[in-house]
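Novice: Contents of work_32.cif (mmCIF, C-alpha atoms) are given next:
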```cif
data_run
#
loop_
_atom_site.label_atom_id
_atom_site.label_comp_id
_atom_site.auth_asym_id
_atom_site.auth_seq_id
_atom_site.Cartn_x
_atom_site.Cartn_y
_atom_site.Cartn_z
CA ILE A 1403 -1.62 23.63 -9.88
CA PRO A 1404 -5.04 23.88 -8.23
CA THR A 1405 -3.76 25.22 -4.89
CA LYS A 1406 -1.16 27.74 -3.79
CA VAL A 1407 2.21 26.41 -2.70
CA THR A 1408 5.09 28.07 -0.92
CA LYS A 1409 8.51 28.58 -2.43
CA ILE A 1410 10.24 27.17 0.65
CA ALA A 1411 10.74 23.41 0.56
CA ARG A 1412 9.80 21.66 3.75
CA GLN A 1413 11.26 18.65 5.49
CA ILE A 1414 9.81 15.35 4.30
CA PRO A 1415 9.57 12.74 7.07
CA GLU A 1416 11.00 9.26 6.61
CA GLY A 1417 8.29 7.13 5.05
CA PRO A 1418 7.50 3.47 5.45
CA ILE A 1419 9.72 0.92 3.71
CA TYR A 1420 7.19 0.16 0.96
CA SER A 1421 7.11 3.80 -0.13
CA GLN A 1422 10.86 4.08 -0.67
CA MET A 1423 11.97 4.05 -4.27
CA PRO A 1424 13.39 0.60 -5.09
CA TYR A 1425 10.74 -1.23 -3.07
CA SER A 1426 7.82 0.74 -4.46
CA ILE A 1427 9.00 0.05 -8.01
CA LEU A 1428 9.09 -3.68 -7.33
CA LEU A 1429 5.74 -3.65 -5.54
CA GLY A 1430 4.03 -1.39 -8.06
CA GLY A 1431 5.27 -3.28 -11.11
CA ILE A 1432 4.21 -6.76 -10.12
CA LEU A 1433 0.46 -6.15 -10.34
CA PRO A 1434 0.35 -4.75 -13.90
CA PHE A 1435 2.68 -7.52 -15.04
CA GLY A 1436 0.61 -10.14 -13.23
CA ALA A 1437 -2.53 -8.91 -14.99
CA VAL A 1438 -1.08 -9.76 -18.41
CA CYS A 1439 1.50 -12.48 -17.80
CA ILE A 1440 -0.63 -15.35 -19.13
CA GLU A 1441 -1.37 -13.48 -22.33
CA LEU A 1442 2.32 -12.60 -22.67
CA PHE A 1443 3.11 -16.28 -22.93
CA PHE A 1444 0.85 -16.63 -25.98
CA ILE A 1445 2.18 -13.44 -27.57
CA MET A 1446 5.79 -14.46 -27.06
CA SER A 1447 5.03 -17.95 -28.39
CA ALA A 1448 3.57 -16.35 -31.49
CA LEU A 1449 6.61 -14.08 -31.90
CA TRP A 1450 9.41 -16.52 -31.19
CA LEU A 1451 8.01 -20.05 -31.61
CA HIS A 1452 6.17 -19.41 -34.91
CA GLN A 1453 2.75 -20.10 -33.49
CA ILE A 1454 -0.37 -18.29 -34.65
CA TYR A 1455 -1.94 -15.65 -32.41
CA TYR A 1456 -5.55 -15.29 -33.49
CA VAL A 1457 -7.37 -13.53 -30.63
CA MET A 1458 -6.66 -9.88 -31.40
CA GLY A 1459 -9.99 -8.75 -29.99
CA PHE A 1460 -9.10 -10.34 -26.67
CA LEU A 1461 -5.73 -8.56 -26.80
CA LEU A 1462 -7.57 -5.21 -26.76
CA VAL A 1463 -9.39 -6.31 -23.60
CA ILE A 1464 -6.04 -7.30 -22.06
CA VAL A 1465 -4.56 -3.87 -22.87
CA LEU A 1466 -7.56 -2.21 -21.22
CA ILE A 1467 -7.13 -4.44 -18.17
CA LEU A 1468 -3.43 -3.49 -18.09
CA ALA A 1469 -4.26 0.22 -18.24
CA ALA A 1470 -6.89 -0.13 -15.51
CA THR A 1471 -4.48 -2.06 -13.30
CA CYS A 1472 -1.76 0.55 -13.82
CA ALA A 1473 -4.23 3.31 -12.98
CA GLU A 1474 -5.36 1.63 -9.78
CA VAL A 1475 -1.83 0.84 -8.62
CA ALA A 1476 -0.66 4.39 -9.37
CA ILE A 1477 -3.54 6.03 -7.52
CA VAL A 1478 -3.18 3.79 -4.46
CA LEU A 1479 0.59 4.27 -4.25
CA CYS A 1480 0.26 8.02 -4.82
CA TYR A 1481 -2.35 8.21 -2.08
CA LEU A 1482 -0.12 6.28 0.31
CA GLN A 1483 2.77 8.58 -0.56
CA LEU A 1484 0.71 11.71 0.01
CA THR A 1485 -0.60 10.45 3.35
CA ALA A 1486 3.02 9.90 4.40
CA GLU A 1487 3.50 13.67 3.74
CA ASP A 1488 5.74 13.12 0.72
CA HIS A 1489 4.72 15.59 -2.00
CA ARG A 1490 7.31 14.42 -4.59
CA TRP A 1491 4.97 12.11 -6.45
CA TRP A 1492 5.82 12.98 -10.08
CA TRP A 1493 8.61 10.54 -10.84
CA LYS A 1494 7.49 7.97 -8.32
CA ALA A 1495 4.13 7.77 -10.06
CA PHE A 1496 5.90 6.98 -13.32
CA TRP A 1497 8.44 4.51 -11.93
CA ASN A 1498 5.98 2.63 -9.72
CA CYS A 1499 4.10 1.35 -12.75
CA ALA A 1500 7.07 1.30 -15.12
CA GLY A 1501 8.56 -1.41 -12.93
CA ALA A 1502 6.39 -3.84 -14.90
CA GLY A 1503 8.96 -3.57 -17.69
CA PHE A 1504 11.57 -5.02 -15.32
CA TYR A 1505 9.35 -8.03 -14.69
CA LEU A 1506 8.84 -8.42 -18.44
CA ILE A 1507 12.59 -8.61 -19.08
CA LEU A 1508 12.89 -11.20 -16.27
CA TYR A 1509 10.06 -13.14 -17.87
CA SER A 1510 11.85 -12.90 -21.21
CA VAL A 1511 14.99 -14.42 -19.72
CA TRP A 1512 12.90 -17.22 -18.23
CA PHE A 1513 11.23 -17.77 -21.62
CA LEU A 1514 14.66 -17.89 -23.27
CA ILE A 1515 15.98 -20.48 -20.84
CA SER A 1516 12.90 -22.69 -20.61
CA ARG A 1517 11.15 -22.50 -23.98
CA LEU A 1518 13.53 -21.36 -26.71
CA LYS A 1519 16.16 -23.65 -28.12
CA LEU A 1520 18.47 -21.04 -29.64
CA VAL A 1521 21.85 -22.21 -30.92
CA GLY A 1522 24.73 -19.74 -30.90
CA ILE A 1523 25.31 -16.36 -29.38
CA LEU A 1524 23.84 -14.22 -32.17
CA PRO A 1525 20.23 -15.46 -31.90
CA VAL A 1526 20.37 -14.97 -28.13
CA VAL A 1527 21.68 -11.42 -28.55
CA VAL A 1528 18.99 -10.63 -31.13
CA TYR A 1529 16.28 -12.07 -28.87
CA LEU A 1530 17.48 -10.16 -25.81
CA THR A 1531 17.80 -6.94 -27.83
CA TYR A 1532 14.26 -7.18 -29.16
CA MET A 1533 12.83 -8.15 -25.80
CA SER A 1534 14.71 -5.29 -24.12
CA MET A 1535 13.10 -2.84 -26.54
CA ILE A 1536 9.68 -4.42 -26.00
CA SER A 1537 10.18 -4.29 -22.21
CA LEU A 1538 11.19 -0.65 -22.43
CA CYS A 1539 8.06 0.20 -24.43
CA PHE A 1540 5.91 -1.85 -22.06
CA GLY A 1541 7.39 -0.06 -19.06
CA MET A 1542 6.96 3.35 -20.68
CA PHE A 1543 3.31 2.60 -21.46
CA CYS A 1544 2.64 1.46 -17.89
CA GLY A 1545 4.58 4.41 -16.46
CA ALA A 1546 2.75 6.91 -18.65
CA VAL A 1547 -0.63 5.54 -17.60
CA GLY A 1548 0.46 5.62 -13.97
CA PHE A 1549 1.70 9.20 -14.18
CA LEU A 1550 -1.38 10.48 -16.00
CA MET A 1551 -3.74 8.80 -13.54
CA SER A 1552 -1.76 10.16 -10.57
CA LEU A 1553 -1.89 13.63 -12.12
CA TRP A 1554 -5.66 13.31 -12.57
CA PHE A 1555 -6.00 12.04 -9.00
CA ASN A 1556 -3.98 14.92 -7.54
CA ARG A 1557 -5.82 17.54 -9.57
CA THR A 1558 -9.13 16.05 -8.48
CA ILE A 1559 -8.40 15.91 -4.75
CA TYR A 1560 -6.58 19.23 -4.53
CA GLY A 1561 -9.05 20.94 -6.86
CA ALA A 1562 -11.83 20.05 -4.43
CA LEU A 1563 -10.14 21.92 -1.58
CA LYS A 1564 -11.64 25.27 -0.69
CA VAL A 1565 -8.73 27.57 0.11
CA ASP A 1566 -9.52 31.08 1.33
#
```
The structure given in the file should be rewritten as structure tokens.
Specialist:
Amino acid sequence: IPTKVTKIARQIPEGPIYSQMPYSILLGGILPFGAVCIELFFIMSALWLHQIYYVMGFLLVIVLILAATCAEVAIVLCYLQLTAEDHRWWWKAFWNCAGAGFYLILYSVWFLISRLKLVGILPVVVYLTYMSMISLCFGMFCGAVGFLMSLWFNRTIYGALKVD
């Protein structure tokens, strides 16, 4: 920790509605998901509709765009949280970006209803199981990027303070 902190916890004032936990997760997750949602259609078509996905180099660019979007969202939401005098940014920084996994599972359900013609309960269960695991990994990636960028941001701004 770059600065000294006291052992006594202080009162945290009530923040704005967008900084409270369920709303910030929904707001923070929509931008990273929106950055990659078009490419997700092609990836899911390749996985589940037996189409060929042949632009792997472009996929690397999309992953970099996803990471940059997660970083920007995490830093902005962490800054807004810190300006509202809420110092408990650790888990919020993770969950704000990890909310993109929730949007991915919603997109998977939409893809199941609109695009896939699965017959029987077993293929639907297998599809939803695989897509739940993929959504969990997607959310963990976005959350990890968000947390690491918020940690870097906090270390940078509080490391620049001159405390006597």
Novice: Near range 1508-1513 of chain A, within 12 Å and counting all atoms listed in the file, which residues show up once chain neighbours fewer than 6 positions away are dropped, as an NGL selection string?
Specialist: :A and (1432 or 1435-1436 or 1438-1440 or 1442-1447 or 1449-1451 or 1501-1502 or 1519-1520 or 1526-1527 or 1529-1537)
Novice: Which distance in Å separates CA of Met1542 in chain A and CA of Val1463 in chain A, to one decimal?
Specialist: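 Interatomic distance, CA of Met1542 in chain A to CA of Val1463 in chain A: 19.2 Å.
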Novice: Give the answer as one residue: which of A:Val1521, A:Ile1515, A:Glu1441, A:Asp1488 has the shortest atom-to-atom distance to Leu1462 in chain A, using all atoms listed in the file?
Specialist: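 Closest to Leu1462 in chain A, using all atoms listed in the file: A:Glu1441.
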Novice: Find, counting only C-alpha atoms, the residue in A:Phe1540, A:Phe1555, A:Tyr1481, A:Trp1491 that gets nearest to Leu1506 in chain A.
Specialist: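 Under the stated criterion, the closest residue is A:Phe1540.
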Novice: Between CA of Gly1545 in chain A and CA of Ile1477 in chain A, measure the distance and give it in Å to one decimal.
Specialist: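 CA of Ile1477 in chain A lies 12.2 Å from CA of Gly1545 in chain A.
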Novice: Find the residues around Leu1433 in chain A up to 12 Å (all atoms listed in the file counted), leave out those fewer than 3 positions away in its own chain, and share them as a PyMOL selection string.
Specialist: chain A and resi 1426-1430+1436-1439+1467-1476+1498-1503+1505-1506+1544
Novice: May I ask for the distance between CA of Leu1518 in chain A and CA of Leu1461 in chain A, given in Å to one decimal place?
Specialist: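 Separation of CA of Leu1518 in chain A and CA of Leu1461 in chain A: 23.1 Å.
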Novice: Could you check the closest approach to Phe1549 in chain A for each of A:Ala1495, A:Ile1454, A:Cys1480, A:Ile1410 and tell me which residue wins, using all atoms listed in the file?
Specialist: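 Comparing A:Ala1495, A:Ile1454, A:Cys1480, A:Ile1410 against Phe1549 in chain A, the winner is A:Ala1495.
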Novice: To test your reading of the syntax: which residues would the PyMOL selection byres ((chain A and resi 1413) around 12) return for the file shown? Reply as an MDAnalysis selection string.
Specialist: chainID A and resid 1410:1412 1414:1417 1487:1490
Novice: Which one of A:Leu1514, A:Phe1504, A:Leu1538, A:Lys1494 sits closest to Leu1550 in chain A if you count all atoms listed in the file?
Specialist: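 Among the listed residues, the smallest separation from Leu1550 in chain A belongs to A:Lys1494.
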Novice: Using only C-alpha atoms, pick whichever of A:Gln1453, A:Gln1483, A:Phe1460, A:Phe1496 has the shortest atom-to-atom distance to Phe1543 in chain A.
Specialist: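 Comparing A:Gln1453, A:Gln1483, A:Phe1460, A:Phe1496 against Phe1543 in chain A, the winner is A:Phe1496.
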